[in-house]
$ cat data37.txt   # compact mmCIF, C-alpha atoms
# COMPACT_ATOMS: atom_id res chain seq x y z
CA MET A 1 11.65 -13.52 17.84
CA LEU A 2 13.81 -11.29 20.03
CA ASN A 3 13.20 -10.47 23.62
CA TYR A 4 12.99 -6.75 23.13
CA GLU A 5 12.76 -5.84 26.77
CA SER A 6 16.48 -5.40 27.18
CA ILE A 7 16.84 -2.99 24.29
CA TYR A 8 13.91 -0.70 25.01
CA LYS A 9 15.24 2.78 25.35
CA LYS A 10 14.07 5.05 28.13
CA GLY A 11 11.62 7.55 26.80
CA VAL A 12 11.50 11.14 27.91
CA CYS A 13 9.13 14.07 27.68
CA ILE A 14 10.81 17.46 27.71
CA TRP A 15 8.11 19.93 28.69
CA LEU A 16 8.87 23.63 28.22
CA THR A 17 6.53 25.96 30.07
CA GLY A 18 6.53 29.76 30.09
CA LEU A 19 4.80 32.84 28.78
CA SER A 20 4.05 33.54 25.15
CA ALA A 21 7.28 34.78 23.46
CA ALA A 22 9.41 33.48 26.34
CA GLY A 23 11.50 31.44 23.89
CA LYS A 24 9.93 28.00 24.34
CA SER A 25 9.50 27.18 20.65
CA THR A 26 12.93 28.46 19.67
CA THR A 27 14.55 26.39 22.40
CA ALA A 28 12.41 23.35 21.57
CA SER A 29 13.18 23.49 17.87
CA ALA A 30 16.94 23.87 18.41
CA LEU A 31 16.88 21.07 20.98
CA SER A 32 15.00 18.82 18.59
CA SER A 33 17.64 19.33 15.88
CA ARG A 34 20.45 18.76 18.36
CA ILE A 35 18.99 15.48 19.57
CA GLU A 36 18.35 14.31 16.01
CA GLU A 37 22.04 14.88 15.31
CA LEU A 38 22.63 12.18 17.94
CA ASN A 39 20.59 9.77 15.79
CA ARG A 40 17.65 9.78 18.14
CA LYS A 41 14.20 10.38 16.79
CA VAL A 42 12.18 13.24 18.22
CA THR A 43 8.54 14.26 18.17
CA LEU A 44 8.13 18.02 18.50
CA LEU A 45 4.57 18.86 19.57
CA ASP A 46 4.75 22.52 18.70
CA GLY A 47 1.88 24.97 18.29
CA ASP A 48 1.40 24.55 14.55
CA ILE A 49 1.59 20.77 14.72
CA ILE A 50 -0.91 20.70 17.57
CA ARG A 51 -3.32 23.08 15.84
CA THR A 52 -3.17 21.04 12.62
CA ASN A 53 -3.32 17.58 14.15
CA LEU A 54 -4.78 17.66 17.62
CA SER A 55 -6.64 20.72 18.83
CA LYS A 56 -9.37 21.45 16.29
CA GLY A 57 -12.70 21.89 18.08
CA LEU A 58 -11.16 23.26 21.28
CA GLY A 59 -11.40 26.90 22.33
CA PHE A 60 -9.76 29.08 24.97
CA SER A 61 -11.89 28.45 28.05
CA LYS A 62 -10.01 27.01 31.01
CA GLU A 63 -11.73 23.68 30.38
CA ASP A 64 -10.68 23.58 26.74
CA ARG A 65 -7.14 24.76 27.46
CA ASP A 66 -6.80 22.01 30.04
CA ALA A 67 -8.25 19.46 27.60
CA ASN A 68 -5.65 20.57 25.06
CA ILE A 69 -2.75 20.20 27.51
CA LEU A 70 -3.99 16.82 28.73
CA ARG A 71 -4.34 15.69 25.10
CA ILE A 72 -0.75 16.69 24.37
CA GLY A 73 0.17 14.91 27.59
CA PHE A 74 -1.63 11.77 26.42
CA VAL A 75 0.23 11.71 23.11
CA ALA A 76 3.52 12.44 24.89
CA SER A 77 2.92 9.64 27.40
CA GLU A 78 2.34 7.09 24.63
CA ILE A 79 5.53 8.17 22.86
CA VAL A 80 7.50 7.91 26.10
CA LYS A 81 6.00 4.46 26.73
CA HIS A 82 7.55 3.29 23.45
CA GLY A 83 10.94 4.72 24.41
CA GLY A 84 10.60 7.86 22.31
CA ILE A 85 11.68 11.43 22.94
CA VAL A 86 9.00 14.10 22.78
CA ILE A 87 9.42 17.85 23.21
CA CYS A 88 6.40 19.94 24.17
CA PRO A 89 6.74 23.72 24.17
CA CYS A 90 3.39 24.70 25.73
CA ILE A 91 2.47 27.79 27.74
CA SER A 92 0.60 25.36 30.03
CA PRO A 93 -0.20 28.06 32.58
CA TYR A 94 -1.79 25.88 35.27
CA LYS A 95 0.39 24.06 37.79
CA GLU A 96 -2.26 21.45 38.47
CA THR A 97 -2.58 20.54 34.79
CA ARG A 98 1.19 20.21 34.38
CA GLN A 99 1.18 18.00 37.46
CA LYS A 100 -1.44 15.75 35.86
CA VAL A 101 0.72 15.39 32.77
CA ARG A 102 3.74 14.59 34.97
CA GLU A 103 1.78 11.86 36.71
CA LYS A 104 0.52 10.44 33.44
CA ILE A 105 4.02 10.23 31.98
CA GLY A 106 5.81 9.22 35.16
CA THR A 107 7.90 11.73 37.07
CA ASN A 108 11.27 10.20 36.16
CA GLN A 109 10.48 10.58 32.48
CA PHE A 110 9.02 14.09 32.74
CA ILE A 111 11.53 16.93 32.52
CA GLU A 112 9.81 20.22 33.20
CA ILE A 113 11.82 23.18 31.96
CA TYR A 114 10.70 26.62 33.00
CA ILE A 115 11.60 29.19 30.36
CA ALA A 116 11.66 31.99 32.89
CA THR A 117 11.63 35.06 30.66
CA PRO A 118 9.90 37.89 32.57
CA LEU A 119 6.63 39.26 31.28
CA HIS A 120 8.01 42.70 30.42
CA ILE A 121 10.68 41.15 28.18
CA CYS A 122 8.13 38.89 26.45
CA GLU A 123 5.95 41.93 25.94
CA GLU A 124 8.85 43.93 24.48
CA ARG A 125 9.64 41.08 22.07
CA ASP A 126 6.00 40.54 21.06
CA PRO A 127 6.96 38.94 17.70
CA LYS A 128 3.37 38.36 16.61
CA GLY A 129 1.88 41.50 18.15
CA LEU A 130 -0.24 39.35 20.46
CA TYR A 131 0.56 41.24 23.67
CA LYS A 132 -0.37 44.51 22.00
CA LYS A 133 -3.70 43.03 20.93
CA ALA A 134 -4.25 41.62 24.42
CA ARG A 135 -3.55 45.02 26.01
CA ASN A 136 -6.06 46.56 23.60
CA GLY A 137 -8.64 44.00 24.62
CA GLU A 138 -8.64 42.38 21.17
CA ILE A 139 -7.52 39.01 22.60
CA PRO A 140 -9.30 38.21 25.86
CA HIS A 141 -7.92 35.69 28.35
CA PHE A 142 -4.33 36.20 27.28
CA THR A 143 -1.86 34.47 29.61
CA GLY A 144 0.08 37.01 31.67
CA ILE A 145 -2.25 39.88 30.82
CA ASP A 146 -5.74 38.96 31.94
CA ASP A 147 -5.27 35.24 32.45
CA PRO A 148 -3.02 33.66 35.09
CA TYR A 149 0.36 32.01 34.63
CA GLU A 150 1.49 29.82 37.52
CA PRO A 151 5.28 29.35 37.35
CA PRO A 152 6.67 25.97 38.38
CA VAL A 153 7.97 25.92 41.95
CA ASN A 154 10.27 22.98 41.47
CA PRO A 155 11.01 22.40 37.78
CA GLU A 156 13.82 20.09 36.70
CA LEU A 157 15.44 23.10 35.03
CA ALA A 158 14.82 26.83 34.83
CA LEU A 159 16.42 28.71 31.96
CA ILE A 160 16.71 32.34 31.06
CA THR A 161 16.91 33.45 27.47
CA THR A 162 17.78 37.10 28.00
CA ASN A 163 21.52 37.11 28.65
CA VAL A 164 22.30 33.42 28.04
CA SER A 165 22.85 32.08 24.54
CA ILE A 166 20.61 29.42 23.08
CA GLU A 167 23.77 27.33 22.69
CA ASN A 168 24.41 27.49 26.44
CA ASN A 169 20.83 26.57 27.24
CA LEU A 170 20.92 23.61 24.86
CA GLN A 171 24.08 22.36 26.52
CA THR A 172 22.47 22.69 29.95
CA ILE A 173 19.52 20.58 28.80
CA ILE A 174 21.67 17.97 27.07
CA ASN A 175 23.93 17.67 30.14
CA PHE A 176 20.91 17.24 32.36
CA LEU A 177 19.42 14.51 30.14
CA GLU A 178 22.76 12.69 29.98
CA LYS A 179 23.20 12.86 33.75
CA ARG A 180 19.75 11.34 34.14
CA ASP A 181 20.68 8.67 31.58
CA LEU A 182 17.83 9.78 29.33
CA LEU A 183 19.86 10.39 26.20
CA MET B 1 26.37 7.90 24.27
CA LEU B 2 25.18 5.03 22.13
CA ASN B 3 24.47 5.13 18.45
CA TYR B 4 20.87 4.09 18.71
CA GLU B 5 20.20 3.82 14.99
CA SER B 6 21.04 0.15 14.82
CA ILE B 7 18.67 -0.86 17.60
CA TYR B 8 15.60 1.09 16.57
CA LYS B 9 12.80 -1.37 16.14
CA LYS B 10 10.48 -1.15 13.18
CA GLY B 11 7.21 0.36 14.22
CA VAL B 12 3.86 -0.80 12.92
CA CYS B 13 0.31 0.46 12.85
CA ILE B 14 -2.32 -2.27 12.78
CA TRP B 15 -5.48 -0.61 11.50
CA LEU B 16 -8.74 -2.55 11.85
CA THR B 17 -11.57 -1.23 9.73
CA GLY B 18 -15.14 -2.50 9.51
CA LEU B 19 -18.71 -1.85 10.56
CA SER B 20 -19.86 -1.22 14.09
CA ALA B 21 -20.07 -4.58 15.95
CA ALA B 22 -17.93 -6.29 13.29
CA GLY B 23 -15.49 -7.45 15.96
CA LYS B 24 -12.75 -4.81 15.59
CA SER B 25 -12.38 -3.96 19.28
CA THR B 26 -12.52 -7.57 20.43
CA THR B 27 -9.83 -8.52 17.92
CA ALA B 28 -7.74 -5.45 18.76
CA SER B 29 -7.88 -6.03 22.48
CA ALA B 30 -6.94 -9.72 22.19
CA LEU B 31 -4.15 -8.84 19.75
CA SER B 32 -2.83 -6.20 22.12
CA SER B 33 -2.62 -8.72 24.97
CA ARG B 34 -0.98 -11.30 22.72
CA ILE B 35 1.71 -8.87 21.57
CA GLU B 36 2.35 -7.70 25.13
CA GLU B 37 3.00 -11.33 26.06
CA LEU B 38 5.91 -11.12 23.60
CA ASN B 39 7.35 -8.30 25.73
CA ARG B 40 6.51 -5.64 23.16
CA LYS B 41 4.71 -2.52 24.25
CA VAL B 42 1.46 -1.68 22.54
CA THR B 43 -0.72 1.41 22.28
CA LEU B 44 -4.37 0.54 21.77
CA LEU B 45 -6.26 3.53 20.39
CA ASP B 46 -9.71 2.17 21.07
CA GLY B 47 -12.99 4.08 21.16
CA ASP B 48 -13.03 4.84 24.87
CA ILE B 49 -9.40 5.92 24.91
CA ILE B 50 -9.98 8.17 21.92
CA ARG B 51 -13.13 9.70 23.35
CA THR B 52 -11.39 10.41 26.66
CA ASN B 53 -8.09 11.64 25.31
CA LEU B 54 -8.40 12.82 21.73
CA SER B 55 -11.81 13.48 20.25
CA LYS B 56 -13.59 15.93 22.56
CA GLY B 57 -15.00 18.83 20.51
CA LEU B 58 -15.54 16.75 17.36
CA GLY B 59 -18.97 15.69 16.11
CA PHE B 60 -20.30 13.29 13.50
CA SER B 61 -20.19 15.36 10.31
CA LYS B 62 -18.00 13.92 7.56
CA GLU B 63 -15.50 16.69 8.23
CA ASP B 64 -15.31 15.92 11.95
CA ARG B 65 -15.20 12.16 11.39
CA ASP B 66 -12.31 12.64 9.01
CA ALA B 67 -10.57 14.98 11.45
CA ASN B 68 -10.92 12.30 14.11
CA ILE B 69 -9.44 9.57 11.91
CA LEU B 70 -6.58 11.81 10.78
CA ARG B 71 -5.90 12.71 14.40
CA ILE B 72 -5.69 9.04 15.34
CA GLY B 73 -3.46 8.60 12.28
CA PHE B 74 -1.20 11.41 13.47
CA VAL B 75 -0.76 9.85 16.90
CA ALA B 76 -0.22 6.43 15.32
CA SER B 77 2.39 7.80 12.92
CA GLU B 78 4.39 9.35 15.76
CA ILE B 79 4.32 6.09 17.71
CA VAL B 80 5.45 4.16 14.61
CA LYS B 81 8.23 6.68 14.05
CA HIS B 82 9.63 5.78 17.48
CA GLY B 83 9.47 2.09 16.69
CA GLY B 84 6.28 1.42 18.62
CA ILE B 85 3.32 -0.82 17.89
CA VAL B 86 -0.10 0.81 17.73
CA ILE B 87 -3.45 -0.87 17.16
CA CYS B 88 -6.37 1.21 15.88
CA PRO B 89 -9.82 -0.37 15.73
CA CYS B 90 -11.73 2.36 13.88
CA ILE B 91 -14.80 2.07 11.68
CA SER B 92 -12.99 4.55 9.38
CA PRO B 93 -15.64 4.26 6.64
CA TYR B 94 -13.92 6.34 3.96
CA LYS B 95 -11.30 4.79 1.70
CA GLU B 96 -9.69 8.13 0.96
CA THR B 97 -9.20 8.93 4.64
CA ARG B 98 -7.66 5.51 5.34
CA GLN B 99 -5.36 6.11 2.37
CA LYS B 100 -4.24 9.41 3.89
CA VAL B 101 -3.40 7.66 7.14
CA ARG B 102 -1.49 4.99 5.19
CA GLU B 103 0.57 7.66 3.46
CA LYS B 104 1.25 9.49 6.70
CA ILE B 105 2.51 6.35 8.40
CA GLY B 106 4.28 4.83 5.41
CA THR B 107 2.73 1.94 3.53
CA ASN B 108 5.25 -0.67 4.75
CA GLN B 109 4.38 0.11 8.35
CA PHE B 110 0.60 0.30 7.82
CA ILE B 111 -1.25 -2.99 8.08
CA GLU B 112 -4.87 -2.54 7.11
CA ILE B 113 -7.07 -5.36 8.35
CA TYR B 114 -10.61 -5.52 7.07
CA ILE B 115 -12.91 -7.11 9.64
CA ALA B 116 -15.34 -8.24 6.99
CA THR B 117 -18.39 -9.12 9.05
CA PRO B 118 -21.48 -8.56 6.89
CA LEU B 119 -23.95 -5.87 7.89
CA HIS B 120 -26.80 -8.28 8.67
CA ILE B 121 -24.60 -10.15 11.17
CA CYS B 122 -23.44 -6.91 12.82
CA GLU B 123 -27.06 -5.86 13.05
CA GLU B 124 -28.06 -9.18 14.60
CA ARG B 125 -25.30 -8.85 17.19
CA ASP B 126 -26.07 -5.19 17.97
CA PRO B 127 -24.47 -5.41 21.45
CA LYS B 128 -25.18 -1.77 22.31
CA GLY B 129 -28.54 -1.49 20.54
CA LEU B 130 -27.08 1.10 18.17
CA TYR B 131 -28.37 -0.46 14.95
CA LYS B 132 -31.86 -0.57 16.40
CA LYS B 133 -31.66 3.09 17.30
CA ALA B 134 -30.28 3.91 13.86
CA ARG B 135 -33.13 2.02 12.17
CA ASN B 136 -35.60 3.98 14.31
CA GLY B 137 -33.99 7.22 13.23
CA GLU B 138 -32.69 7.93 16.74
CA ILE B 139 -29.07 7.95 15.56
CA PRO B 140 -28.68 9.71 12.23
CA HIS B 141 -25.66 9.16 9.95
CA PHE B 142 -25.02 5.66 11.24
CA THR B 143 -22.42 3.82 9.17
CA GLY B 144 -24.00 1.03 7.14
CA ILE B 145 -27.56 2.28 7.71
CA ASP B 146 -27.78 5.83 6.38
CA ASP B 147 -24.08 6.62 6.08
CA PRO B 148 -21.67 4.90 3.70
CA TYR B 149 -19.01 2.29 4.45
CA GLU B 150 -16.38 1.83 1.76
CA PRO B 151 -14.69 -1.57 2.21
CA PRO B 152 -10.97 -1.78 1.46
CA VAL B 153 -10.25 -3.15 -2.01
CA ASN B 154 -6.74 -4.29 -1.22
CA PRO B 155 -6.20 -4.62 2.53
CA GLU B 156 -3.17 -6.43 3.91
CA LEU B 157 -5.58 -8.90 5.54
CA ALA B 158 -9.30 -9.56 5.52
CA LEU B 159 -10.73 -11.55 8.41
CA ILE B 160 -14.10 -13.00 9.16
CA THR B 161 -15.34 -13.39 12.69
CA THR B 162 -18.44 -15.47 12.06
CA ASN B 163 -17.16 -19.03 11.64
CA VAL B 164 -13.46 -18.45 12.48
CA SER B 165 -12.27 -18.33 16.08
CA ILE B 166 -10.59 -15.26 17.51
CA GLU B 167 -7.61 -17.52 18.22
CA ASN B 168 -7.28 -18.37 14.52
CA ASN B 169 -7.56 -14.73 13.53
CA LEU B 170 -4.91 -13.70 16.04
CA GLN B 171 -2.57 -16.34 14.67
CA THR B 172 -3.18 -15.10 11.12
CA ILE B 173 -2.27 -11.56 12.16
CA ILE B 174 0.80 -12.61 14.17
CA ASN B 175 2.03 -14.77 11.27
CA PHE B 176 1.58 -11.90 8.87
CA LEU B 177 3.49 -9.49 11.12
CA GLU B 178 6.31 -11.98 11.60
CA LYS B 179 6.56 -12.64 7.87
CA ARG B 180 6.87 -8.92 7.31
CA ASP B 181 9.50 -8.76 10.05
CA LEU B 182 7.33 -6.35 12.04
CA LEU B 183 7.25 -8.32 15.28
$ encode --input "data37.txt" --output "structure tokens"
Amino acid sequence: MLNYESIYKKGVCIWLTGLSAAGKSTTASALSSRIEELNRKVTLLDGDIIRTNLSKGLGFSKEDRDANILRIGFVASEIVKHGGIVICPCISPYKETRQKVREKIGTNQFIEIYIATPLHICEERDPKGLYKKARNGEIPHFTGIDDPYEPPVNPELALITTNVSIENNLQTIINFLEKRDLL
Amino acid sequence: MLNYESIYKKGVCIWLTGLSAAGKSTTASALSSRIEELNRKVTLLDGDIIRTNLSKGLGFSKEDRDANILRIGFVASEIVKHGGIVICPCISPYKETRQKVREKIGTNQFIEIYIATPLHICEERDPKGLYKKARNGEIPHFTGIDDPYEPPVNPELALITTNVSIENNLQTIINFLEKRDLL
């Protein structure tokens, strides 16, 4: 039997926060592919995956939203514990809830990336027509419209997606992870 | 940057199925400690952990029970993917649902252990008084009383907890995992 301790990899949770349509999922998906090209395995806890596998039974009250984020944080923390890489593109509007996830995972293993696309750009993009529906009152409690978004004050990285290419942003993230010896 | 492929450990999901009070949690908890003594990290997805972190919003209908098991299976499969060890003591009464979890994780990495304590022994033990309540109709849909339990036909291991010590059972499991090169 081996002593595995010496070969445990460092795990890392890459947490992308920002408004709906900010570019979190696009960045997360491209990052996931890039890291897999380096022969590392990645768990991508994206919206569809979460809805299918984790969030059934939860609604959109603050309590349920927080429960959903903390649940994602729980899964992420267990993956990190085993030395895995997990990417979580989540609006995660509340600073306090993100802080709880950071503490659960351990701050050295939690890389918070603020996808800082301004509201008016997200609203112009509106790929699923959600902002339009929110403005019409068809979707209540929509983050940025009639529900708060609390931007991170001190994220590990802040990225813009408006006049910077996805390629550049990926390289920024990869460089950061390498500098921190997390990749 | 290292090529990590060569040092990825094999992950494994140790799934303990059986009636309430069969001895699943006791076995799982002792097994978790034993494996940690070997310097391997373990995720124990036990009842309390699941209730706190994963299952809020789900009830006791067949649909919700299945959703709960598949959710645990999802988390387990991601941990196994990263080379981690995860132990799941879950009544998991339905054969078909356990089979789905097996397929999600991959059959070589899924070790189904049937904790084969007979119903009358579980009911005698009744540490939380649940069988009594179920018999009195205070808990409807209780597995083994008025809800089905489908024992595994072909589990990787079947263990009894009545006249075999926990120590012996642990050794049986450890030997099995070592033989399969999973530890």
$ atom_distance --input "data37.txt" --atom1 "CA of Phe110 (chain A)" --atom2 "CA of Gly57 (chain B)"
27.4 Å
$ atom_distance --input "data37.txt" --atom1 "CA of Pro155 (chain B)" --atom2 "CA of Ile14 (chain B)"
11.2 Å
$ atom_distance --input "data37.txt" --atom1 "CA of Lys132 (chain A)" --atom2 "CA of Leu119 (chain A)"
12.8 Å
$ calpha_fit_and_write --input "data37.txt" --fixed "chain A" --moving "chain B" --output "CSV table (one decimal) with C-alpha atoms, keeping the file's coordinate frame"
chain,number,residue,atom,x,y,z
B,1,MET,CA,11.6,-13.5,17.7
B,2,LEU,CA,13.8,-11.3,19.9
B,3,ASN,CA,13.2,-10.5,23.6
B,4,TYR,CA,13.0,-6.8,23.1
B,5,GLU,CA,12.8,-5.9,26.8
B,6,SER,CA,16.5,-5.4,27.2
B,7,ILE,CA,16.8,-3.0,24.3
B,8,TYR,CA,13.9,-0.7,25.0
B,9,LYS,CA,15.3,2.8,25.4
B,10,LYS,CA,14.1,5.0,28.2
B,11,GLY,CA,11.6,7.5,26.8
B,12,VAL,CA,11.5,11.2,27.9
B,13,CYS,CA,9.1,14.1,27.7
B,14,ILE,CA,10.8,17.5,27.7
B,15,TRP,CA,8.1,19.9,28.7
B,16,LEU,CA,8.9,23.6,28.2
B,17,THR,CA,6.5,26.0,30.1
B,18,GLY,CA,6.5,29.8,30.1
B,19,LEU,CA,4.8,32.8,28.8
B,20,SER,CA,4.1,33.5,25.1
B,21,ALA,CA,7.3,34.8,23.4
B,22,ALA,CA,9.4,33.5,26.3
B,23,GLY,CA,11.5,31.4,23.9
B,24,LYS,CA,9.9,28.0,24.3
B,25,SER,CA,9.5,27.2,20.6
B,26,THR,CA,12.9,28.5,19.7
B,27,THR,CA,14.5,26.4,22.4
B,28,ALA,CA,12.4,23.3,21.5
B,29,SER,CA,13.2,23.5,17.9
B,30,ALA,CA,16.9,23.9,18.4
B,31,LEU,CA,16.9,21.1,21.0
B,32,SER,CA,15.0,18.8,18.6
B,33,SER,CA,17.6,19.3,15.9
B,34,ARG,CA,20.4,18.8,18.4
B,35,ILE,CA,19.0,15.5,19.6
B,36,GLU,CA,18.3,14.3,16.0
B,37,GLU,CA,22.0,14.9,15.3
B,38,LEU,CA,22.6,12.2,18.0
B,39,ASN,CA,20.6,9.8,15.8
B,40,ARG,CA,17.7,9.8,18.2
B,41,LYS,CA,14.2,10.4,16.8
B,42,VAL,CA,12.2,13.2,18.2
B,43,THR,CA,8.6,14.3,18.2
B,44,LEU,CA,8.1,18.0,18.5
B,45,LEU,CA,4.6,18.8,19.6
B,46,ASP,CA,4.8,22.5,18.7
B,47,GLY,CA,1.9,24.9,18.3
B,48,ASP,CA,1.4,24.6,14.6
B,49,ILE,CA,1.6,20.8,14.7
B,50,ILE,CA,-0.9,20.7,17.6
B,51,ARG,CA,-3.3,23.1,15.8
B,52,THR,CA,-3.2,21.0,12.6
B,53,ASN,CA,-3.3,17.6,14.1
B,54,LEU,CA,-4.8,17.7,17.6
B,55,SER,CA,-6.6,20.7,18.8
B,56,LYS,CA,-9.4,21.4,16.3
B,57,GLY,CA,-12.7,21.9,18.1
B,58,LEU,CA,-11.2,23.3,21.3
B,59,GLY,CA,-11.4,26.9,22.4
B,60,PHE,CA,-9.8,29.1,25.0
B,61,SER,CA,-11.9,28.4,28.1
B,62,LYS,CA,-10.0,27.0,31.0
B,63,GLU,CA,-11.7,23.7,30.4
B,64,ASP,CA,-10.7,23.6,26.7
B,65,ARG,CA,-7.1,24.8,27.5
B,66,ASP,CA,-6.8,22.0,30.0
B,67,ALA,CA,-8.2,19.5,27.6
B,68,ASN,CA,-5.7,20.6,25.1
B,69,ILE,CA,-2.8,20.2,27.5
B,70,LEU,CA,-4.0,16.8,28.7
B,71,ARG,CA,-4.3,15.7,25.1
B,72,ILE,CA,-0.8,16.7,24.4
B,73,GLY,CA,0.2,14.9,27.6
B,74,PHE,CA,-1.6,11.8,26.4
B,75,VAL,CA,0.2,11.7,23.1
B,76,ALA,CA,3.5,12.4,24.9
B,77,SER,CA,2.9,9.6,27.4
B,78,GLU,CA,2.3,7.1,24.6
B,79,ILE,CA,5.5,8.2,22.8
B,80,VAL,CA,7.5,7.9,26.1
B,81,LYS,CA,6.0,4.5,26.7
B,82,HIS,CA,7.6,3.3,23.5
B,83,GLY,CA,10.9,4.7,24.4
B,84,GLY,CA,10.6,7.9,22.3
B,85,ILE,CA,11.7,11.4,22.9
B,86,VAL,CA,9.0,14.1,22.8
B,87,ILE,CA,9.4,17.8,23.2
B,88,CYS,CA,6.4,19.9,24.2
B,89,PRO,CA,6.7,23.7,24.2
B,90,CYS,CA,3.4,24.7,25.7
B,91,ILE,CA,2.5,27.8,27.7
B,92,SER,CA,0.6,25.4,30.0
B,93,PRO,CA,-0.2,28.1,32.6
B,94,TYR,CA,-1.8,25.9,35.3
B,95,LYS,CA,0.4,24.1,37.8
B,96,GLU,CA,-2.3,21.5,38.5
B,97,THR,CA,-2.6,20.5,34.8
B,98,ARG,CA,1.2,20.2,34.4
B,99,GLN,CA,1.2,18.0,37.5
B,100,LYS,CA,-1.4,15.8,35.9
B,101,VAL,CA,0.7,15.4,32.8
B,102,ARG,CA,3.7,14.6,35.0
B,103,GLU,CA,1.8,11.8,36.7
B,104,LYS,CA,0.5,10.4,33.4
B,105,ILE,CA,4.0,10.2,32.0
B,106,GLY,CA,5.8,9.2,35.2
B,107,THR,CA,7.9,11.7,37.1
B,108,ASN,CA,11.3,10.2,36.2
B,109,GLN,CA,10.5,10.6,32.5
B,110,PHE,CA,9.0,14.1,32.7
B,111,ILE,CA,11.5,16.9,32.5
B,112,GLU,CA,9.8,20.2,33.2
B,113,ILE,CA,11.8,23.2,32.0
B,114,TYR,CA,10.7,26.6,33.0
B,115,ILE,CA,11.6,29.2,30.4
B,116,ALA,CA,11.7,32.0,32.9
B,117,THR,CA,11.6,35.1,30.7
B,118,PRO,CA,9.9,37.9,32.6
B,119,LEU,CA,6.6,39.3,31.3
B,120,HIS,CA,8.0,42.7,30.4
B,121,ILE,CA,10.7,41.1,28.2
B,122,CYS,CA,8.1,38.9,26.5
B,123,GLU,CA,5.9,41.9,25.9
B,124,GLU,CA,8.8,43.9,24.5
B,125,ARG,CA,9.6,41.1,22.1
B,126,ASP,CA,6.0,40.5,21.1
B,127,PRO,CA,7.0,38.9,17.7
B,128,LYS,CA,3.4,38.3,16.6
B,129,GLY,CA,1.9,41.5,18.1
B,130,LEU,CA,-0.2,39.3,20.5
B,131,TYR,CA,0.6,41.2,23.7
B,132,LYS,CA,-0.4,44.5,22.0
B,133,LYS,CA,-3.7,43.0,20.9
B,134,ALA,CA,-4.3,41.6,24.4
B,135,ARG,CA,-3.5,45.0,26.0
B,136,ASN,CA,-6.1,46.6,23.6
B,137,GLY,CA,-8.6,44.0,24.6
B,138,GLU,CA,-8.6,42.4,21.2
B,139,ILE,CA,-7.5,39.0,22.6
B,140,PRO,CA,-9.3,38.2,25.8
B,141,HIS,CA,-7.9,35.7,28.4
B,142,PHE,CA,-4.3,36.2,27.3
B,143,THR,CA,-1.9,34.5,29.6
B,144,GLY,CA,0.1,37.0,31.7
B,145,ILE,CA,-2.2,39.9,30.8
B,146,ASP,CA,-5.8,39.0,31.9
B,147,ASP,CA,-5.3,35.2,32.4
B,148,PRO,CA,-3.0,33.7,35.1
B,149,TYR,CA,0.4,32.0,34.6
B,150,GLU,CA,1.5,29.8,37.5
B,151,PRO,CA,5.3,29.4,37.4
B,152,PRO,CA,6.7,26.0,38.4
B,153,VAL,CA,8.0,25.9,42.0
B,154,ASN,CA,10.3,23.0,41.5
B,155,PRO,CA,11.0,22.4,37.8
B,156,GLU,CA,13.8,20.1,36.7
B,157,LEU,CA,15.4,23.1,35.0
B,158,ALA,CA,14.8,26.8,34.8
B,159,LEU,CA,16.4,28.7,32.0
B,160,ILE,CA,16.7,32.3,31.0
B,161,THR,CA,16.9,33.5,27.5
B,162,THR,CA,17.8,37.1,28.0
B,163,ASN,CA,21.5,37.1,28.7
B,164,VAL,CA,22.3,33.4,28.1
B,165,SER,CA,22.8,32.1,24.5
B,166,ILE,CA,20.6,29.4,23.1
B,167,GLU,CA,23.8,27.3,22.7
B,168,ASN,CA,24.4,27.5,26.4
B,169,ASN,CA,20.8,26.6,27.2
B,170,LEU,CA,20.9,23.6,24.9
B,171,GLN,CA,24.1,22.4,26.5
B,172,THR,CA,22.5,22.7,30.0
B,173,ILE,CA,19.5,20.6,28.8
B,174,ILE,CA,21.7,18.0,27.1
B,175,ASN,CA,23.9,17.7,30.2
B,176,PHE,CA,20.9,17.2,32.4
B,177,LEU,CA,19.4,14.5,30.1
B,178,GLU,CA,22.7,12.7,30.0
B,179,LYS,CA,23.2,12.9,33.7
B,180,ARG,CA,19.7,11.3,34.1
B,181,ASP,CA,20.7,8.7,31.6
B,182,LEU,CA,17.8,9.8,29.3
B,183,LEU,CA,19.9,10.4,26.2
$ interface_residues --input "data37.txt" --of "chain B" --to "chain A" --cutoff "8 Å" --atoms "all atoms listed in the file" --output "list in words"
Met1, Asn3, Tyr4, Glu5, Ile7, Leu38, Asn39, Arg40, Lys41, Val42, Thr43, Asn53, Leu54, Lys56, Gly57, Leu58, Leu70, Arg71, Phe74, Val75, Glu78, Ile79, Lys81, His82, Gly83, Gly84 and Leu183 of chain B
$ axis_aligned_box --input "data37.txt" --around "region 91-107 of chain A" --padding-each-side "6 Å" --output "JSON"
{"center_x": 2.7, "center_y": 18.6, "center_z": 33.1, "size_x": 22.5, "size_y": 30.8, "size_z": 22.7}
$ residues_around --input "data37.txt" --residues "Glu96 (chain B)" --least-positions-apart "2" --cutoff "12 Å" --atoms "only C-alpha atoms" --output "tab-separated table (two decimals) with C-alpha atoms, in the frame of the given file"
chain	number	residue	atom	x	y	z
B	66	ASP	CA	-12.31	12.64	9.01
B	69	ILE	CA	-9.44	9.57	11.91
B	70	LEU	CA	-6.58	11.81	10.78
B	92	SER	CA	-12.99	4.55	9.38
B	93	PRO	CA	-15.64	4.26	6.64
B	94	TYR	CA	-13.92	6.34	3.96
B	98	ARG	CA	-7.66	5.51	5.34
B	99	GLN	CA	-5.36	6.11	2.37
B	100	LYS	CA	-4.24	9.41	3.89
B	101	VAL	CA	-3.40	7.66	7.14
B	102	ARG	CA	-1.49	4.99	5.19
B	103	GLU	CA	0.57	7.66	3.46
B	149	TYR	CA	-19.01	2.29	4.45
B	150	GLU	CA	-16.38	1.83	1.76
B	151	PRO	CA	-14.69	-1.57	2.21
B	152	PRO	CA	-10.97	-1.78	1.46
B	153	VAL	CA	-10.25	-3.15	-2.01
